[in-house]
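> One structure, pasted below without further comment.
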Amino acid sequence: MPYIPGGPDRPPVPLDGVLERQKFAPLFTAIAVLFFAFLLFQVVISPIVIIVGLLAQGLAPGEMMEALGTLMEERINLVLVANTIGQIFGLALPTLLIARLHSSRWADFLHLRPTSAYAFGLAFVGLVALTPVVQFLGSVNQHLPLPDFLQELEQAQIDLIDRVLLQGGAVWLTLLMLAVTPAICEELLFRGYVQRQAERSLGIVGGILFSGIIFGLYHLRLTQVLPLATLGLYLAFLTWSTGSLYPAMLVHFANNAFAIILSSYVSSSPEYDPADLEQFEVPWYYIVVGIAVFIPVAMRLARLNLEPGTGPGTPGAPERRDFFI
């Protein structure tokens, strides 16, 4: 029976599902699932939820077109609910189902394995160190020449988030819909399934690059593709180095949550202008310090995968506490 090597201190994953017996190429299934999930999320489920929500509010079919035209201004909560349901039923659940067609141990196939507190700590420190670099790449991306319609699309997305933050309401609910849901659903698809299949066809480095770059492009925000792809590459590297999807989920959530909380604070404070946040230039020394911290953290993360028998939590391995009080 074919299998995927489990890595140091991890058992191999059997490839005994129906898709494996049919010998579909791994990269083909990765691309096919990406395409199918995108259509299911953006074209089928989210629009259906919006239409059902409008009908539930008592709108007649003849009023539907007018309501759709003012959706972003007058029914922003309905858009967020549709986006959340779309991610759950368009991204996460299809990924869980398709993984069962590859392996009887579908959770291991998707990297749904426990890992150590040490790995979580390294992952978070790596995100903090990488943040200045991501912000700098965002500034660079803003200066790249792009068609007007792409810039207008980007501005519409920014305006959508601003309306969510300015309308008030419970911050925890915004975090649930814009931080928790993407952290789980997108990671299951991109790092759980797509990266696994890409690694089988393209190797470790190719799988990380494919997963990260596709993640940046998937959001349809070319004015932010450089920072998004960089974050995607880091999340893919985390999944490979730790052998677990959970650190990537944590980092994805932390990144989105920090952006939401910061934007919410700036939007609600009269002494700050949200435009200043978008135009903020990261000082060069922040970038240098971030890189200087990130490199040794990345090296320690890589050791978790490359050195069998030494990973945290391994019987007989030395206990490590250097990131914890």
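Labeling convention for the structure tokens: chains A, B, ... as they appear, residues from 1 per chain, ligands from 1 in order of appearance.
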Write down as a PyMOL selection string the residues belonging to segment 26-116 of chain A that are assigned helix (DSSP H, G or I) by DSSP computed on the backbone.
chain A and resi 26-56+61-69+71-74+76-100+106-109
> Using only C-alpha atoms, which of the listed residues (A:Leu15, A:Leu226, A:Leu91, A:Leu306) sits closest to Ser104 of chain A?
A:Leu15
> Tell me which of A:Val289, A:Leu27, A:Leu110, A:Ala183 sits closest to Gly207 of chain A, counting only C-alpha atoms.
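The shortest atom-to-atom distance to Gly207 of chain A comes from A:Leu27.
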> So the first atom is atom CA of Pro227 of chain A and the second is atom CA of Leu188 of chain A; what is the distance between them in Å, to one decimal place?
20.3 Å
> Which of these residues is nearest to His102 of chain A, using only C-alpha atoms: A:Leu137, A:Leu222, A:Ala67, A:Ala25?
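Smallest separation from His102 of chain A among the options: A:Ala25.
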> If you count only C-alpha atoms, which residues fall within 8 Å of segment 44-57 of chain A, apart from same-chain ones fewer than 4 positions away, as a ChimeraX atom specification?
/A:39-40,61,64,67,78-79,82-83,85-86,89-90
> Interatomic distance between atom CA of Pro145 of chain A and atom CA of Phe35 of chain A?
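Atom-to-atom, atom CA of Pro145 of chain A to atom CA of Phe35 of chain A, that is 27.4 Å.
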> I'd like the neighbourhood of Gln135 of chain A as an MDAnalysis selection string, where a residue qualifies if any of its atoms comes within 12 Å (using only C-alpha atoms), though same-chain residues fewer than 4 positions away should be ignored.
chainID A and resid 127:131 139:142 224:228 230:231 255 259 277:284 286:287 290
> What lies within 12 Å of Leu235 of chain A using only C-alpha atoms, ignoring chain neighbours under 6 positions off, as a compact mmCIF listing (two decimals) with N, CA and C atoms, in the first residue's frame?

# COMPACT_ATOMS: atom_id res chain seq x y z
N ALA A 123 6.21 29.65 16.56
CA ALA A 123 5.36 30.12 15.46
C ALA A 123 4.90 31.55 15.70
N PHE A 124 4.50 31.86 16.93
CA PHE A 124 4.01 33.20 17.24
C PHE A 124 5.14 34.23 17.20
N GLY A 126 7.79 34.02 15.43
CA GLY A 126 8.10 34.20 14.01
C GLY A 126 7.15 35.17 13.34
N LEU A 127 5.87 35.11 13.70
CA LEU A 127 4.90 36.06 13.13
C LEU A 127 5.23 37.49 13.55
N LEU A 130 8.16 38.69 11.63
CA LEU A 130 7.89 38.84 10.20
C LEU A 130 6.97 40.02 9.89
N ALA A 183 -9.15 31.42 9.77
CA ALA A 183 -8.01 30.67 10.30
C ALA A 183 -8.23 29.17 10.22
N GLU A 186 -9.62 28.34 5.83
CA GLU A 186 -8.58 28.54 4.81
C GLU A 186 -7.37 27.66 5.07
N GLU A 187 -7.02 27.46 6.34
CA GLU A 187 -5.86 26.60 6.63
C GLU A 187 -6.15 25.14 6.28
N LEU A 188 -7.36 24.68 6.54
CA LEU A 188 -7.70 23.32 6.13
C LEU A 188 -7.51 23.12 4.63
N PHE A 190 -5.76 25.26 2.30
CA PHE A 190 -4.46 25.61 1.71
C PHE A 190 -3.30 24.82 2.31
N ARG A 191 -3.18 24.80 3.63
CA ARG A 191 -2.06 24.08 4.23
C ARG A 191 -2.40 22.63 4.52
N GLY A 192 -3.69 22.35 4.78
CA GLY A 192 -4.05 20.96 5.04
C GLY A 192 -4.05 20.13 3.76
N GLN A 195 -1.35 22.05 0.17
CA GLN A 195 0.09 21.86 0.40
C GLN A 195 0.47 20.39 0.41
N GLY A 207 6.04 22.51 -2.81
CA GLY A 207 4.74 22.51 -2.15
C GLY A 207 4.54 23.76 -1.31
N ILE A 208 5.58 24.18 -0.60
CA ILE A 208 5.49 25.40 0.20
C ILE A 208 5.28 26.61 -0.70
N LEU A 209 6.04 26.70 -1.78
CA LEU A 209 5.90 27.83 -2.71
C LEU A 209 4.52 27.85 -3.35
N PHE A 210 4.06 26.70 -3.79
CA PHE A 210 2.75 26.63 -4.46
C PHE A 210 1.65 27.06 -3.50
N SER A 211 1.66 26.50 -2.29
CA SER A 211 0.62 26.83 -1.32
C SER A 211 0.64 28.31 -0.96
N GLY A 212 1.83 28.85 -0.74
CA GLY A 212 1.93 30.25 -0.33
C GLY A 212 1.51 31.22 -1.42
N ILE A 213 1.98 30.99 -2.64
CA ILE A 213 1.66 31.91 -3.75
C ILE A 213 0.18 31.83 -4.12
N PHE A 215 -2.19 31.06 -2.17
CA PHE A 215 -2.91 31.72 -1.07
C PHE A 215 -2.96 33.23 -1.29
N GLY A 216 -1.83 33.80 -1.74
CA GLY A 216 -1.80 35.23 -2.00
C GLY A 216 -2.72 35.64 -3.14
N LEU A 228 0.35 39.07 1.33
CA LEU A 228 -0.47 37.87 1.53
C LEU A 228 0.30 36.61 1.16
N ALA A 229 1.04 36.65 0.06
CA ALA A 229 1.83 35.49 -0.35
C ALA A 229 2.94 35.22 0.66
N SER A 241 7.28 22.32 8.99
CA SER A 241 8.28 22.18 10.05
C SER A 241 7.72 21.53 11.30
N THR A 242 6.47 21.86 11.65
CA THR A 242 5.88 21.30 12.87
C THR A 242 5.13 20.00 12.61
N GLY A 243 4.79 19.74 11.32
CA GLY A 243 4.00 18.56 11.00
C GLY A 243 2.56 18.68 11.45
N SER A 244 2.15 19.89 11.83
CA SER A 244 0.81 20.11 12.37
C SER A 244 0.20 21.35 11.74
N LEU A 245 -1.12 21.33 11.58
CA LEU A 245 -1.84 22.47 11.03
C LEU A 245 -2.16 23.51 12.10
N TYR A 246 -2.10 23.12 13.35
CA TYR A 246 -2.56 24.01 14.41
C TYR A 246 -1.70 25.27 14.60
N PRO A 247 -0.37 25.20 14.50
CA PRO A 247 0.39 26.46 14.58
C PRO A 247 0.03 27.44 13.47
N ALA A 248 -0.20 26.95 12.25
CA ALA A 248 -0.61 27.83 11.15
C ALA A 248 -1.97 28.45 11.44
N MET A 249 -2.88 27.68 12.02
CA MET A 249 -4.19 28.24 12.39
C MET A 249 -4.03 29.34 13.43
N LEU A 250 -3.16 29.10 14.42
CA LEU A 250 -2.93 30.10 15.46
C LEU A 250 -2.37 31.39 14.86
N VAL A 251 -1.36 31.26 14.01
CA VAL A 251 -0.73 32.44 13.41
C VAL A 251 -1.71 33.17 12.50
N HIS A 252 -2.48 32.44 11.73
CA HIS A 252 -3.49 33.05 10.84
C HIS A 252 -4.50 33.84 11.68
N PHE A 253 -4.97 33.23 12.76
CA PHE A 253 -5.91 33.94 13.63
C PHE A 253 -5.27 35.17 14.26
N ASN A 255 -2.80 37.02 13.24
CA ASN A 255 -2.57 38.08 12.26
C ASN A 255 -3.87 38.83 11.97
N ALA A 298 13.21 30.66 12.43
CA ALA A 298 12.93 29.74 11.32
C ALA A 298 13.86 28.53 11.37
N LEU A 301 12.58 26.22 13.99
CA LEU A 301 11.40 25.52 13.48
C LEU A 301 11.78 24.40 12.53
> Using only C-alpha atoms, find the one residue out of A:Gln87, A:Phe109, A:Phe38, A:Phe120 that sits nearest to Leu217 of chain A.
A:Phe38
> By how many Å are atom CA of Thr174 of chain A and atom CA of Glu74 of chain A apart?
17.1 Å
